[in-house]
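Asks: Following this line is entry32.pdb, made up of PDB, C-alpha atoms, pLDDT in the B column:
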```pdb
ATOM      1  CA  MET A   1      -8.218  19.311 -26.868  1.00 73.00           C
ATOM      2  CA  ASN A   2     -11.202  19.878 -24.622  1.00 82.00           C
ATOM      3  CA  PRO A   3     -11.455  16.851 -22.270  1.00 80.00           C
ATOM      4  CA  ALA A   4     -15.175  16.546 -23.088  1.00 83.00           C
ATOM      5  CA  ASP A   5     -14.237  15.835 -26.728  1.00 88.00           C
ATOM      6  CA  GLU A   6     -11.803  12.998 -25.937  1.00 91.00           C
ATOM      7  CA  ILE A   7     -12.859   9.725 -27.608  1.00 96.00           C
ATOM      8  CA  LEU A   8     -13.290   6.750 -25.263  1.00 97.00           C
ATOM      9  CA  ASP A   9     -13.870   3.070 -25.835  1.00 98.00           C
ATOM     10  CA  ILE A  10     -17.303   2.022 -24.574  1.00 98.00           C
ATOM     11  CA  VAL A  11     -17.238  -1.425 -22.944  1.00 98.00           C
ATOM     12  CA  ASP A  12     -19.698  -4.020 -21.669  1.00 96.00           C
ATOM     13  CA  GLU A  13     -19.911  -5.749 -18.292  1.00 94.00           C
ATOM     14  CA  HIS A  14     -16.989  -8.003 -19.330  1.00 96.00           C
ATOM     15  CA  ASP A  15     -14.769  -5.045 -20.344  1.00 97.00           C
ATOM     16  CA  THR A  16     -15.115  -5.877 -24.046  1.00 97.00           C
ATOM     17  CA  VAL A  17     -15.146  -2.869 -26.391  1.00 97.00           C
ATOM     18  CA  THR A  18     -18.592  -2.349 -27.948  1.00 97.00           C
ATOM     19  CA  GLY A  19     -18.120   1.091 -29.511  1.00 97.00           C
ATOM     20  CA  GLN A  20     -16.725   4.564 -29.009  1.00 97.00           C
ATOM     21  CA  ALA A  21     -18.104   7.899 -27.791  1.00 97.00           C
ATOM     22  CA  ARG A  22     -16.969  11.365 -26.822  1.00 95.00           C
ATOM     23  CA  ARG A  23     -16.224  11.669 -23.125  1.00 92.00           C
ATOM     24  CA  ALA A  24     -19.074  14.149 -22.606  1.00 91.00           C
ATOM     25  CA  GLU A  25     -21.522  11.737 -24.237  1.00 94.00           C
ATOM     26  CA  ALA A  26     -20.218   8.806 -22.182  1.00 93.00           C
ATOM     27  CA  TYR A  27     -20.825  10.778 -18.980  1.00 89.00           C
ATOM     28  CA  ALA A  28     -24.200  12.179 -20.071  1.00 90.00           C
ATOM     29  CA  LYS A  29     -25.562   8.787 -21.154  1.00 93.00           C
ATOM     30  CA  ASN A  30     -23.891   6.746 -18.407  1.00 93.00           C
ATOM     31  CA  LEU A  31     -21.942   4.676 -20.940  1.00 95.00           C
ATOM     32  CA  ARG A  32     -19.506   2.230 -19.379  1.00 97.00           C
ATOM     33  CA  HIS A  33     -15.876   3.061 -20.221  1.00 97.00           C
ATOM     34  CA  ARG A  34     -12.397   2.520 -18.767  1.00 98.00           C
ATOM     35  CA  CYS A  35     -10.438   4.398 -16.095  1.00 97.00           C
ATOM     36  CA  VAL A  36      -7.138   4.040 -14.271  1.00 98.00           C
ATOM     37  CA  PHE A  37      -6.335   4.804 -10.644  1.00 97.00           C
ATOM     38  CA  VAL A  38      -2.684   5.186  -9.641  1.00 98.00           C
ATOM     39  CA  LEU A  39      -1.599   5.276  -6.012  1.00 98.00           C
ATOM     40  CA  ALA A  40       1.534   7.457  -6.098  1.00 97.00           C
ATOM     41  CA  ARG A  41       3.958   7.131  -3.198  1.00 97.00           C
ATOM     42  CA  ASP A  42       7.089   9.126  -2.519  1.00 97.00           C
ATOM     43  CA  GLY A  43      10.453   7.719  -1.424  1.00 94.00           C
ATOM     44  CA  ALA A  44       9.298   7.708   2.212  1.00 95.00           C
ATOM     45  CA  GLY A  45       6.163   5.725   1.338  1.00 95.00           C
ATOM     46  CA  ARG A  46       3.778   8.631   1.851  1.00 97.00           C
ATOM     47  CA  ILE A  47       0.726   8.747  -0.426  1.00 97.00           C
ATOM     48  CA  PHE A  48       0.016  11.594  -2.843  1.00 98.00           C
ATOM     49  CA  VAL A  49      -3.353  13.121  -1.935  1.00 98.00           C
ATOM     50  CA  HIS A  50      -4.967  15.980  -3.778  1.00 97.00           C
ATOM     51  CA  ARG A  51      -8.098  18.057  -4.077  1.00 97.00           C
ATOM     52  CA  ARG A  52      -9.577  18.249  -7.555  1.00 94.00           C
ATOM     53  CA  THR A  53     -10.223  21.621  -9.145  1.00 94.00           C
ATOM     54  CA  PRO A  54     -13.795  22.999  -9.316  1.00 94.00           C
ATOM     55  CA  GLY A  55     -13.780  22.753 -13.136  1.00 87.00           C
ATOM     56  CA  LYS A  56     -13.456  18.957 -13.323  1.00 85.00           C
ATOM     57  CA  LEU A  57     -16.172  17.166 -15.335  1.00 78.00           C
ATOM     58  CA  VAL A  58     -16.849  14.673 -12.547  1.00 81.00           C
ATOM     59  CA  PHE A  59     -16.401  15.008  -8.799  1.00 89.00           C
ATOM     60  CA  PRO A  60     -15.205  18.640  -8.807  1.00 94.00           C
ATOM     61  CA  SER A  61     -13.493  19.956  -5.654  1.00 96.00           C
ATOM     62  CA  LEU A  62     -13.381  16.550  -3.951  1.00 97.00           C
ATOM     63  CA  TYR A  63     -10.299  14.879  -2.479  1.00 98.00           C
ATOM     64  CA  ASP A  64      -8.616  11.847  -4.042  1.00 97.00           C
ATOM     65  CA  MET A  65      -5.834   9.488  -2.974  1.00 97.00           C
ATOM     66  CA  PHE A  66      -5.258   8.365  -6.558  1.00 97.00           C
ATOM     67  CA  VAL A  67      -4.141  10.131  -9.703  1.00 96.00           C
ATOM     68  CA  GLY A  68      -5.530   8.866 -12.967  1.00 93.00           C
ATOM     69  CA  GLY A  69      -8.378   9.292 -15.363  1.00 92.00           C
ATOM     70  CA  VAL A  70     -10.042   7.863 -18.416  1.00 94.00           C
ATOM     71  CA  VAL A  71      -8.413   5.451 -20.821  1.00 97.00           C
ATOM     72  CA  GLY A  72      -8.502   6.838 -24.360  1.00 96.00           C
ATOM     73  CA  ALA A  73      -9.923   4.893 -27.303  1.00 97.00           C
ATOM     74  CA  GLY A  74      -7.481   2.174 -28.332  1.00 97.00           C
ATOM     75  CA  GLU A  75      -5.203   2.881 -25.357  1.00 97.00           C
ATOM     76  CA  SER A  76      -4.168   0.118 -22.939  1.00 98.00           C
ATOM     77  CA  TYR A  77      -4.721   0.416 -19.202  1.00 98.00           C
ATOM     78  CA  ASP A  78      -0.938   0.250 -18.638  1.00 98.00           C
ATOM     79  CA  THR A  79      -0.225   3.072 -21.092  1.00 98.00           C
ATOM     80  CA  ALA A  80      -3.012   5.213 -19.627  1.00 98.00           C
ATOM     81  CA  ALA A  81      -1.752   4.633 -16.067  1.00 98.00           C
ATOM     82  CA  LEU A  82       1.722   5.944 -16.885  1.00 98.00           C
ATOM     83  CA  ARG A  83       0.393   8.835 -18.998  1.00 96.00           C
ATOM     84  CA  GLU A  84      -2.136   9.954 -16.388  1.00 95.00           C
ATOM     85  CA  ALA A  85       0.322   9.653 -13.479  1.00 96.00           C
ATOM     86  CA  GLU A  86       2.949  11.731 -15.263  1.00 96.00           C
ATOM     87  CA  GLU A  87       0.373  14.320 -16.403  1.00 93.00           C
ATOM     88  CA  GLU A  88      -1.282  14.803 -13.017  1.00 93.00           C
ATOM     89  CA  LEU A  89       1.948  14.729 -11.016  1.00 96.00           C
ATOM     90  CA  GLY A  90       3.673  16.981 -13.539  1.00 96.00           C
ATOM     91  CA  VAL A  91       6.707  14.732 -13.958  1.00 97.00           C
ATOM     92  CA  SER A  92       8.344  12.653 -16.659  1.00 96.00           C
ATOM     93  CA  GLY A  93      10.401   9.521 -16.302  1.00 96.00           C
ATOM     94  CA  LEU A  94       8.264   7.668 -13.757  1.00 97.00           C
ATOM     95  CA  PRO A  95       8.759   3.924 -13.528  1.00 97.00           C
ATOM     96  CA  ARG A  96       5.927   1.935 -15.092  1.00 97.00           C
ATOM     97  CA  PRO A  97       3.043   1.715 -12.566  1.00 98.00           C
ATOM     98  CA  VAL A  98       2.507  -1.761 -11.123  1.00 97.00           C
ATOM     99  CA  PRO A  99      -0.990  -3.195 -11.701  1.00 97.00           C
ATOM    100  CA  LEU A 100      -2.746  -4.240  -8.475  1.00 96.00           C
ATOM    101  CA  PHE A 101      -6.329  -5.228  -9.407  1.00 96.00           C
ATOM    102  CA  LYS A 102      -9.310  -4.345 -11.587  1.00 96.00           C
ATOM    103  CA  PHE A 103     -12.958  -3.806 -10.645  1.00 96.00           C
ATOM    104  CA  LEU A 104     -16.213  -2.555 -12.088  1.00 96.00           C
ATOM    105  CA  TYR A 105     -17.289   0.719 -10.461  1.00 94.00           C
ATOM    106  CA  GLU A 106     -21.023   1.447 -10.532  1.00 92.00           C
ATOM    107  CA  ASN A 107     -22.949   3.955  -8.451  1.00 89.00           C
ATOM    108  CA  GLY A 108     -26.294   4.126 -10.284  1.00 84.00           C
ATOM    109  CA  GLU A 109     -25.284   7.227 -12.241  1.00 84.00           C
ATOM    110  CA  GLN A 110     -21.793   6.298 -13.453  1.00 87.00           C
ATOM    111  CA  THR A 111     -20.058   3.097 -14.420  1.00 92.00           C
ATOM    112  CA  TRP A 112     -16.520   2.283 -15.521  1.00 94.00           C
ATOM    113  CA  TRP A 113     -14.004  -0.514 -15.456  1.00 97.00           C
ATOM    114  CA  SER A 114     -11.258   0.590 -13.107  1.00 97.00           C
ATOM    115  CA  SER A 115      -7.700  -0.679 -13.158  1.00 98.00           C
ATOM    116  CA  VAL A 116      -5.752   0.179  -9.998  1.00 97.00           C
ATOM    117  CA  TYR A 117      -1.972   0.653  -9.963  1.00 98.00           C
ATOM    118  CA  GLU A 118       0.814   1.781  -7.665  1.00 97.00           C
ATOM    119  CA  VAL A 119       3.920   3.811  -8.557  1.00 98.00           C
ATOM    120  CA  ARG A 120       6.873   5.229  -6.630  1.00 97.00           C
ATOM    121  CA  CYS A 121       7.492   8.873  -7.436  1.00 96.00           C
ATOM    122  CA  GLU A 122      10.811  10.067  -6.090  1.00 94.00           C
ATOM    123  CA  LEU A 123      10.760  13.121  -8.371  1.00 94.00           C
ATOM    124  CA  ALA A 124       9.664  16.613  -7.359  1.00 95.00           C
ATOM    125  CA  VAL A 125       6.012  16.886  -8.377  1.00 97.00           C
ATOM    126  CA  HIS A 126       4.447  19.828 -10.209  1.00 96.00           C
ATOM    127  CA  PRO A 127       0.747  18.909 -10.453  1.00 95.00           C
ATOM    128  CA  GLN A 128      -1.372  20.298 -13.276  1.00 86.00           C
ATOM    129  CA  VAL A 129      -3.121  23.436 -12.063  1.00 90.00           C
ATOM    130  CA  GLU A 130      -6.113  22.522 -14.277  1.00 86.00           C
ATOM    131  CA  GLU A 131      -6.487  19.218 -12.401  1.00 85.00           C
ATOM    132  CA  VAL A 132      -5.155  19.751  -8.872  1.00 92.00           C
ATOM    133  CA  ALA A 133      -6.182  22.562  -6.502  1.00 95.00           C
ATOM    134  CA  TRP A 134      -4.154  21.308  -3.497  1.00 97.00           C
ATOM    135  CA  HIS A 135      -1.769  18.402  -2.890  1.00 97.00           C
ATOM    136  CA  ASP A 136       0.537  16.797  -0.370  1.00 97.00           C
ATOM    137  CA  PHE A 137       2.159  13.445   0.383  1.00 98.00           C
ATOM    138  CA  LEU A 138       0.486  12.063   3.519  1.00 97.00           C
ATOM    139  CA  PRO A 139       1.539   9.194   5.787  1.00 97.00           C
ATOM    140  CA  LEU A 140      -0.906   6.263   5.711  1.00 95.00           C
ATOM    141  CA  ALA A 141      -2.185   6.993   9.241  1.00 95.00           C
ATOM    142  CA  GLU A 142      -3.005  10.601   8.370  1.00 96.00           C
ATOM    143  CA  LEU A 143      -4.756   9.568   5.147  1.00 96.00           C
ATOM    144  CA  GLU A 144      -6.860   7.059   7.082  1.00 94.00           C
ATOM    145  CA  ARG A 145      -7.774   9.770   9.613  1.00 96.00           C
ATOM    146  CA  ARG A 146      -8.763  12.210   6.832  1.00 97.00           C
ATOM    147  CA  ILE A 147     -11.108   9.694   5.185  1.00 95.00           C
ATOM    148  CA  GLY A 148     -13.676  10.454   7.867  1.00 90.00           C
ATOM    149  CA  GLU A 149     -13.115  14.218   7.688  1.00 96.00           C
ATOM    150  CA  TRP A 150     -12.838  15.173   3.998  1.00 97.00           C
ATOM    151  CA  GLU A 151     -15.216  14.651   1.085  1.00 97.00           C
ATOM    152  CA  TRP A 152     -13.632  12.089  -1.255  1.00 97.00           C
ATOM    153  CA  VAL A 153     -14.343  11.096  -4.837  1.00 95.00           C
ATOM    154  CA  PRO A 154     -16.623   8.050  -4.549  1.00 94.00           C
ATOM    155  CA  ASP A 155     -14.804   5.931  -7.143  1.00 94.00           C
ATOM    156  CA  GLY A 156     -11.428   6.563  -5.514  1.00 95.00           C
ATOM    157  CA  LEU A 157     -12.884   5.752  -2.111  1.00 96.00           C
ATOM    158  CA  ALA A 158     -14.302   2.495  -3.543  1.00 95.00           C
ATOM    159  CA  ALA A 159     -10.866   1.640  -4.981  1.00 96.00           C
ATOM    160  CA  TRP A 160      -9.198   2.521  -1.658  1.00 96.00           C
ATOM    161  CA  ARG A 161     -11.567   0.283   0.311  1.00 95.00           C
ATOM    162  CA  ARG A 162     -10.944  -2.608  -2.086  1.00 95.00           C
ATOM    163  CA  LEU A 163      -7.198  -2.034  -1.815  1.00 95.00           C
ATOM    164  CA  ARG A 164      -7.338  -2.050   2.006  1.00 93.00           C
ATOM    165  CA  ALA A 165      -9.533  -5.187   2.003  1.00 92.00           C
ATOM    166  CA  SER A 166      -7.240  -6.977  -0.459  1.00 89.00           C
ATOM    167  CA  GLY A 167      -4.483  -7.434   2.086  1.00 83.00           C
ATOM    168  CA  LEU A 168      -1.901  -5.905  -0.275  1.00 79.00           C
ATOM    169  CA  SER A 169       0.837  -4.198   1.686  1.00 76.00           C
ATOM    170  CA  LEU A 170       0.825  -0.412   1.823  1.00 74.00           C
ATOM    171  CA  SER A 171       4.214  -0.200   3.528  1.00 65.00           C
TER
END
```
Please render this file's structure as structure tokens.

Replies:
Amino acid sequence: MNPADEILDIVDEHDTVTGQARRAEAYAKNLRHRCVFVLARDGAGRIFVHRRTPGKLVFPSLYDMFVGGVVGAGESYDTAALREAEEELGVSGLPRPVPLFKFLYENGEQTWWSSVYEVRCELAVHPQVEEVAWHDFLPLAELERRIGEWEWVPDGLAAWRRLRASGLSLS
């Protein structure tokens, strides 16, 4: 299926479903929907970082420290987190991602409820070539250094800043 044709739940400011729309329509009309962000760490604790492909519907060619995506109509955040992590990392058999927090992302042009997770991925990754142009597992210090150097997806950067401010351990 073309990602633009995927059906999403449209939600209000309280994350209550108010209707459904195609993904392309949700983006074009700035309809609030649901997304998941999964911080994937390898056995050494390094963080999976990737550059999105130029063909992505939103934020093409930008860097991201999360894997994830939209939550499909009728799908739970937890189910979407596992599905998206396995799809983008190109693995199966991941442990269930651990929920960390939820927040409403708004930037004036886009808005979505965002549920942030963490998962340990000790499997060899084979990221989707349609989604990921480059990837690596980076130590926390290197990721922090790259934040000032690379162009990052704004929603992922917002999630990262909230995660860092939350006091949750990244070790």

Asks: Hey, what's within 6 Å of range 37-47 of chain A if we count only C-alpha atoms and toss same-chain stuff fewer than 6 positions away? As number ranges by chain, please?

Replies: A: 66-68, 116-122, 137-139

Asks: Check what the PyMOL selection byres ((chain A and resi 95-109) around 10) selects in the file above and give those residues as a PDB file with C-alpha atoms, keeping the file's coordinate frame.

Replies:
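As written to disk, result_30.pdb reads:
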```pdb
ATOM      1  CA  GLU A  13     -19.911  -5.749 -18.292  1.00 94.00           C
ATOM      2  CA  HIS A  14     -16.989  -8.003 -19.330  1.00 96.00           C
ATOM      3  CA  ASP A  15     -14.769  -5.045 -20.344  1.00 97.00           C
ATOM      4  CA  TYR A  27     -20.825  10.778 -18.980  1.00 89.00           C
ATOM      5  CA  ALA A  28     -24.200  12.179 -20.071  1.00 90.00           C
ATOM      6  CA  LYS A  29     -25.562   8.787 -21.154  1.00 93.00           C
ATOM      7  CA  ASN A  30     -23.891   6.746 -18.407  1.00 93.00           C
ATOM      8  CA  LEU A  31     -21.942   4.676 -20.940  1.00 95.00           C
ATOM      9  CA  ARG A  32     -19.506   2.230 -19.379  1.00 97.00           C
ATOM     10  CA  HIS A  33     -15.876   3.061 -20.221  1.00 97.00           C
ATOM     11  CA  ARG A  34     -12.397   2.520 -18.767  1.00 98.00           C
ATOM     12  CA  CYS A  35     -10.438   4.398 -16.095  1.00 97.00           C
ATOM     13  CA  VAL A  36      -7.138   4.040 -14.271  1.00 98.00           C
ATOM     14  CA  PHE A  37      -6.335   4.804 -10.644  1.00 97.00           C
ATOM     15  CA  VAL A  38      -2.684   5.186  -9.641  1.00 98.00           C
ATOM     16  CA  LEU A  39      -1.599   5.276  -6.012  1.00 98.00           C
ATOM     17  CA  ALA A  40       1.534   7.457  -6.098  1.00 97.00           C
ATOM     18  CA  TYR A  77      -4.721   0.416 -19.202  1.00 98.00           C
ATOM     19  CA  ASP A  78      -0.938   0.250 -18.638  1.00 98.00           C
ATOM     20  CA  THR A  79      -0.225   3.072 -21.092  1.00 98.00           C
ATOM     21  CA  ALA A  80      -3.012   5.213 -19.627  1.00 98.00           C
ATOM     22  CA  ALA A  81      -1.752   4.633 -16.067  1.00 98.00           C
ATOM     23  CA  LEU A  82       1.722   5.944 -16.885  1.00 98.00           C
ATOM     24  CA  ARG A  83       0.393   8.835 -18.998  1.00 96.00           C
ATOM     25  CA  ALA A  85       0.322   9.653 -13.479  1.00 96.00           C
ATOM     26  CA  GLU A  86       2.949  11.731 -15.263  1.00 96.00           C
ATOM     27  CA  SER A  92       8.344  12.653 -16.659  1.00 96.00           C
ATOM     28  CA  GLY A  93      10.401   9.521 -16.302  1.00 96.00           C
ATOM     29  CA  LEU A  94       8.264   7.668 -13.757  1.00 97.00           C
ATOM     30  CA  GLN A 110     -21.793   6.298 -13.453  1.00 87.00           C
ATOM     31  CA  THR A 111     -20.058   3.097 -14.420  1.00 92.00           C
ATOM     32  CA  TRP A 112     -16.520   2.283 -15.521  1.00 94.00           C
ATOM     33  CA  TRP A 113     -14.004  -0.514 -15.456  1.00 97.00           C
ATOM     34  CA  SER A 114     -11.258   0.590 -13.107  1.00 97.00           C
ATOM     35  CA  SER A 115      -7.700  -0.679 -13.158  1.00 98.00           C
ATOM     36  CA  VAL A 116      -5.752   0.179  -9.998  1.00 97.00           C
ATOM     37  CA  TYR A 117      -1.972   0.653  -9.963  1.00 98.00           C
ATOM     38  CA  GLU A 118       0.814   1.781  -7.665  1.00 97.00           C
ATOM     39  CA  VAL A 119       3.920   3.811  -8.557  1.00 98.00           C
ATOM     40  CA  ARG A 120       6.873   5.229  -6.630  1.00 97.00           C
ATOM     41  CA  CYS A 121       7.492   8.873  -7.436  1.00 96.00           C
ATOM     42  CA  GLU A 122      10.811  10.067  -6.090  1.00 94.00           C
ATOM     43  CA  PRO A 154     -16.623   8.050  -4.549  1.00 94.00           C
ATOM     44  CA  ASP A 155     -14.804   5.931  -7.143  1.00 94.00           C
ATOM     45  CA  GLY A 156     -11.428   6.563  -5.514  1.00 95.00           C
ATOM     46  CA  ALA A 158     -14.302   2.495  -3.543  1.00 95.00           C
ATOM     47  CA  ALA A 159     -10.866   1.640  -4.981  1.00 96.00           C
ATOM     48  CA  ARG A 162     -10.944  -2.608  -2.086  1.00 95.00           C
ATOM     49  CA  LEU A 163      -7.198  -2.034  -1.815  1.00 95.00           C
ATOM     50  CA  SER A 166      -7.240  -6.977  -0.459  1.00 89.00           C
ATOM     51  CA  LEU A 168      -1.901  -5.905  -0.275  1.00 79.00           C
TER      52      LEU A 168
END
```

Asks: Please, what distance in Å, to one decimal, runs between CA of Ala133 in chain A and CA of Thr53 in chain A?

Replies: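 Interatomic distance here is 4.9 Å.
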
Asks: Using all atoms listed in the file for the distances, tell me which of A:Leu62, A:Trp160, A:Glu75, A:Glu149 is nearest to Trp134 in chain A.

Replies: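 Selected residue with least distance to Trp134 in chain A: A:Leu62.
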
Asks: CA of Ile7 in chain A and CA of Ala21 in chain A, how far apart in Å?

Replies: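 Computing the Euclidean distance for CA of Ala21 in chain A and CA of Ile7 in chain A yields 5.6 Å.
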
Asks: Could you give me, as a list in words, the residues within 9 Å of Leu57 in chain A, counting all atoms listed in the file and dropping anything in the same chain fewer than 2 positions from it?

Replies: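 Contacts, with the query itself left out: Pro3, Ala4, Ala24, Tyr27, Pro54, Gly55, Phe59 and Pro60 of chain A.
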